[in-house]
2 protein chains.
Amino acid sequence: MTDAFSYPHPALAVDLVMLCVQGGALHVVLMQRADGAEMGGDWALPGGFVHRDTAPEDTVARVLAEKTGLHGIHFEQLATYGALGRDPRGHVVSIAYIAIAEAEALSVGVVANDTLTLARVHVGWSGEAGGVATAQTADGTLLPLAFDHADILGDMVKRLRGKLDYTTIGFEFLPPRFTLRAAQDVHEAILNQSLTKPAFRRKLLDRHPLRATGARETGGAYRPAELYEVDPEGGQ
Amino acid sequence: MTDAFSYPHPALAVDLVMLCVQGGALHVVLMQRADGAEMGGDWALPGGFVHRDTAPEDTVARVLAEKTGLHGIHFEQLATYGALGRDPRGHVVSIAYIAIAEAEALSVGVVANDTLTLARVHVGWSGEAGGVATAQTADGTLLPLAFDHADILGDMVKRLRGKLDYTTIGFEFLPPRFTLRAAQDVHEAILNQSLTKPAFRRKLLDRHPLRATGARETGGAYRPAELYEVDPEGGQ
DNA sequence: CCTTGTTATTATCAATACAGTTATTACTAT
DNA sequence: ATAGTAATAACTGTATTGATAATAACAAGG
């Protein structure tokens, strides 16, 4: 076999789909690009190049810190995009990651960087069929996406919907202690459909390792809901 | 932003998990490496480097053709592996793909290349929990895997099990026309558990766009089973 | 030609899991 | 206290699943 580094290979990058649930809808962090005209849209997922001898996961952590100032956020790989025409600057292969945080924390990072915005994710299809997704502002204006980032958003929704029932990914949108109503809001935002409360409660408690803390919500006007937390040992 | 190609970036490769179902068990194509001692094992997934201005998918097709002589086989992306120590030669990021073919076709390609072998995939866990998988010969001898390829095999099994019910990926192991019994064999091999026949029939016909052809199996000693095919329009 | 063996296919039934509705409880604010 | 609201529990019917049995189709052998 010839030496791995003796011929030109593509540039490698990571793209981050930073997500939160706010006002009953899934939101994603987008970055405004000055060179949007050549890239197919003014808005793009934040990203960065992977340098040699830096692990892609470390690059993700670096980009998260650089763009939003956030640390220790949950992220996981989505897929890798490497079609030839996807970046007009040349052959750039990009590993897309999903990063999830609670809305309050993410908002702080977005406000601190004036090239960033939190856009509502609009999905034109239901179930796990798949398709593209679009991003829009609070008043419904469409934000044109650069590169193949609309495809990435579509794949992200598909992946999220598929993992919601069988993994604990949905709880990453919530603080360590949360009410079941808050968890239901997350599921409804991601699935884009309303769920019946008792059925949701049962399914959630059956399928996931949750533990009632005994503590209750404070400050509500009416009956306070109990706070639950994910039990790290409860899986097995 | 600085130019994407002005600093050293990792080498990019693809690794192929070529699969088939044979004798009731999942099998994978492995390649013997002369440099196995330094790589952590004598056996590895076939792969190749991604050259600049070549799409990763085209690299997959090239490797498939080079190693096995096969064309037009179904493949899809699994995940990308980029941990720093995974390849002792340097920083190589590898996109792993799952490729699926029927056993007869794959065997032809394996026999034609004497560095290749078809190994039985042994999975030490059930469900979709995840874990590593090992490879062994027909007589049960363990084949030590190079790099992080045991992890890749484990992720492959997890992905396959998760997609089996909700996609048509299972039918890629079968010829265009197949009996329901053959489809059940594929599911049992991948899930590593036996299924009851009538329940499997119902679920398969309910969930997937299958069409009875009216034609029947030939050559069998007893009642011939009807041949089914995937209906490309049946999905919607 | 008829019987037997084996497998494919369909039918039936019980057990379970699931979702929707309604009732009850617990708390806050006035 | 009382009203209002949301959390929680109990109940009910429906759909899904798993096991068993019955029937149908074909080959082989007497």
# chains A, B, ... in the order shown; residues from 1 in each chain; ligands from 1
>>> interface_residues(of="chain A", to="chain C", cutoff="9 Å", atoms="only C-alpha atoms (C1' of nucleotides)", output="PyMOL selection string")
chain A and resi 196+199+220-224
>>> interface_residues(of="chain D", to="chain A", cutoff="7 Å", atoms="only C-alpha atoms (C1' of nucleotides)", output="ChimeraX atom specification")
/D:5-7
>>> closest_atom_pairs(of="chain B", to="chain A", cutoff="9 Å", atoms="only C-alpha atoms", output="Markdown table")
| residue | atom | partner | partner_atom | distance |
| --- | --- | --- | --- | --- |
| B:Asp3 | CA | A:Arg89 | CA | 8.7 |
| B:Ala4 | CA | A:Ala11 | CA | 6.3 |
| B:Phe5 | CA | A:Ala11 | CA | 6.3 |
| B:Tyr7 | CA | A:His51 | CA | 7.5 |
| B:Pro8 | CA | A:Arg52 | CA | 5.7 |
| B:His9 | CA | A:Arg52 | CA | 4.2 |
| B:Pro10 | CA | A:Arg52 | CA | 4.6 |
| B:Ala11 | CA | A:Phe5 | CA | 6.3 |
| B:Leu12 | CA | A:His9 | CA | 6.8 |
| B:Phe49 | CA | A:Ala4 | CA | 7.3 |
| B:Val50 | CA | A:His9 | CA | 6.5 |
| B:His51 | CA | A:His9 | CA | 4.8 |
| B:Arg52 | CA | A:His9 | CA | 4.2 |
| B:Asp53 | CA | A:His91 | CA | 5.8 |
| B:Thr54 | CA | A:Leu84 | CA | 7.0 |
| B:Ala55 | CA | A:Ala83 | CA | 5.4 |
| B:Pro56 | CA | A:Gly82 | CA | 6.2 |
| B:Glu57 | CA | A:Ala83 | CA | 8.1 |
| B:Gln77 | CA | A:Ala79 | CA | 7.7 |
| B:Leu78 | CA | A:Ala79 | CA | 7.9 |
| B:Ala79 | CA | A:Ala79 | CA | 6.3 |
| B:Thr80 | CA | A:Thr80 | CA | 6.9 |
| B:Tyr81 | CA | A:Pro56 | CA | 8.7 |
| B:Gly82 | CA | A:Ala55 | CA | 5.9 |
| B:Ala83 | CA | A:Ala55 | CA | 5.4 |
| B:Leu84 | CA | A:Ala55 | CA | 5.7 |
| B:Arg89 | CA | A:Ala4 | CA | 8.1 |
| B:Gly90 | CA | A:Asp53 | CA | 8.0 |
| B:His91 | CA | A:Asp53 | CA | 5.8 |
| B:Val92 | CA | A:Ala4 | CA | 7.9 |
| B:Val93 | CA | A:Pro56 | CA | 8.6 |
| B:Ile95 | CA | A:Thr80 | CA | 7.6 |
| B:Glu128 | CA | A:Tyr166 | CA | 9.0 |
| B:Tyr166 | CA | A:Glu128 | CA | 9.0 |
>>> write_last_selection(atoms="C-alpha atoms", output="JSON list (two decimals), in the first residue's frame")
[["chain", "number", "residue", "atom", "x", "y", "z"],
["B", 3, "ASP", "CA", -7.92, 28.48, 3.00],
["B", 4, "ALA", "CA", -9.13, 24.95, 3.55],
["B", 5, "PHE", "CA", -6.08, 23.29, 2.01],
["B", 7, "TYR", "CA", -2.55, 23.26, 6.47],
["B", 8, "PRO", "CA", -2.19, 19.50, 6.94],
["B", 9, "HIS", "CA", -5.39, 17.58, 7.48],
["B", 10, "PRO", "CA", -5.97, 13.90, 8.20],
["B", 11, "ALA", "CA", -6.00, 11.29, 5.49],
["B", 12, "LEU", "CA", -9.49, 10.11, 4.58],
["B", 49, "PHE", "CA", -8.13, 6.00, 0.60],
["B", 50, "VAL", "CA", -10.37, 8.79, -0.65],
["B", 51, "HIS", "CA", -8.49, 10.92, -3.18],
["B", 52, "ARG", "CA", -9.19, 14.59, -3.61],
["B", 53, "ASP", "CA", -12.02, 15.27, -6.07],
["B", 54, "THR", "CA", -13.36, 11.76, -5.70],
["B", 55, "ALA", "CA", -16.62, 11.39, -3.78],
["B", 56, "PRO", "CA", -16.49, 8.88, -0.91],
["B", 57, "GLU", "CA", -19.30, 6.90, -2.55],
["B", 77, "GLN", "CA", -23.06, 4.85, 5.24],
["B", 78, "LEU", "CA", -22.61, 3.53, 8.75],
["B", 79, "ALA", "CA", -20.49, 6.06, 10.65],
["B", 80, "THR", "CA", -17.12, 7.81, 10.59],
["B", 81, "TYR", "CA", -14.22, 6.81, 12.84],
["B", 82, "GLY", "CA", -11.47, 9.29, 13.59],
["B", 83, "ALA", "CA", -9.95, 8.59, 17.01],
["B", 84, "LEU", "CA", -6.28, 9.50, 17.10],
["B", 89, "ARG", "CA", 0.54, 4.85, 10.47],
["B", 90, "GLY", "CA", -0.86, 8.28, 11.27],
["B", 91, "HIS", "CA", -4.06, 10.22, 11.47],
["B", 92, "VAL", "CA", -6.52, 8.41, 9.18],
["B", 93, "VAL", "CA", -10.22, 9.19, 9.43],
["B", 95, "ILE", "CA", -15.95, 6.49, 6.78],
["B", 128, "GLU", "CA", -30.12, -2.97, 20.18],
["B", 166, "TYR", "CA", -38.64, -0.02, 9.52]]
>>> select_by_dssp(residues="chain B", states="alpha helix (DSSP H)", output="count of residues only")
65
>>> closest_residue(among="B:Arg62, B:Lys158, B:His71, B:Arg33", to="Leu145 in chain B", atoms="only C-alpha atoms")
B:Arg33
>>> atom_distance(atom1="CA of Ala183 in chain A", atom2="CA of Arg207 in chain A")
13.3 Å
>>> atom_distance(atom1="CA of Phe147 in chain B", atom2="CA of Ala44 in chain B")
7.5 Å
>>> residues_around(residues="Val29 in chain A", least_positions_apart="5", cutoff="7 Å", atoms="only C-alpha atoms (C1' of nucleotides)", output="mmCIF file with N, CA, C and O atoms, in the first residue's frame")
data_model
loop_
_atom_site.group_PDB
_atom_site.id
_atom_site.type_symbol
_atom_site.label_atom_id
_atom_site.label_comp_id
_atom_site.auth_asym_id
_atom_site.auth_seq_id
_atom_site.Cartn_x
_atom_site.Cartn_y
_atom_site.Cartn_z
ATOM 1 N N VAL A 17 -24.957 20.757 14.270
ATOM 2 C CA VAL A 17 -26.379 21.056 14.350
ATOM 3 C C VAL A 17 -26.693 21.214 15.834
ATOM 4 O O VAL A 17 -26.969 20.240 16.537
ATOM 5 N N MET A 18 -26.610 22.457 16.313
ATOM 6 C CA MET A 18 -26.858 22.720 17.733
ATOM 7 C C MET A 18 -28.340 22.959 17.930
ATOM 8 O O MET A 18 -28.913 23.864 17.321
ATOM 9 N N LEU A 19 -28.941 22.177 18.795
ATOM 10 C CA LEU A 19 -30.392 22.175 18.915
ATOM 11 C C LEU A 19 -30.865 22.514 20.318
ATOM 12 O O LEU A 19 -30.174 22.248 21.309
ATOM 13 N N LEU A 45 -24.709 26.079 8.993
ATOM 14 C CA LEU A 45 -24.398 25.475 10.287
ATOM 15 C C LEU A 45 -22.991 25.882 10.680
ATOM 16 O O LEU A 45 -22.084 25.886 9.833
ATOM 17 N N LEU A 116 -24.497 34.781 15.022
ATOM 18 C CA LEU A 116 -25.342 33.601 15.250
ATOM 19 C C LEU A 116 -26.795 33.991 15.445
ATOM 20 O O LEU A 116 -27.100 35.073 15.950
ATOM 21 N N THR A 117 -27.688 33.073 15.090
ATOM 22 C CA THR A 117 -29.110 33.253 15.367
ATOM 23 C C THR A 117 -29.713 31.896 15.680
ATOM 24 O O THR A 117 -29.171 30.846 15.306
ATOM 25 N N LEU A 118 -30.839 31.940 16.395
ATOM 26 C CA LEU A 118 -31.552 30.712 16.730
ATOM 27 C C LEU A 118 -32.778 30.652 15.821
ATOM 28 O O LEU A 118 -33.677 31.486 15.932
ATOM 29 N N ALA A 119 -32.782 29.677 14.915
ATOM 30 C CA ALA A 119 -33.848 29.612 13.914
ATOM 31 C C ALA A 119 -34.776 28.435 14.192
ATOM 32 O O ALA A 119 -34.349 27.375 14.660
#
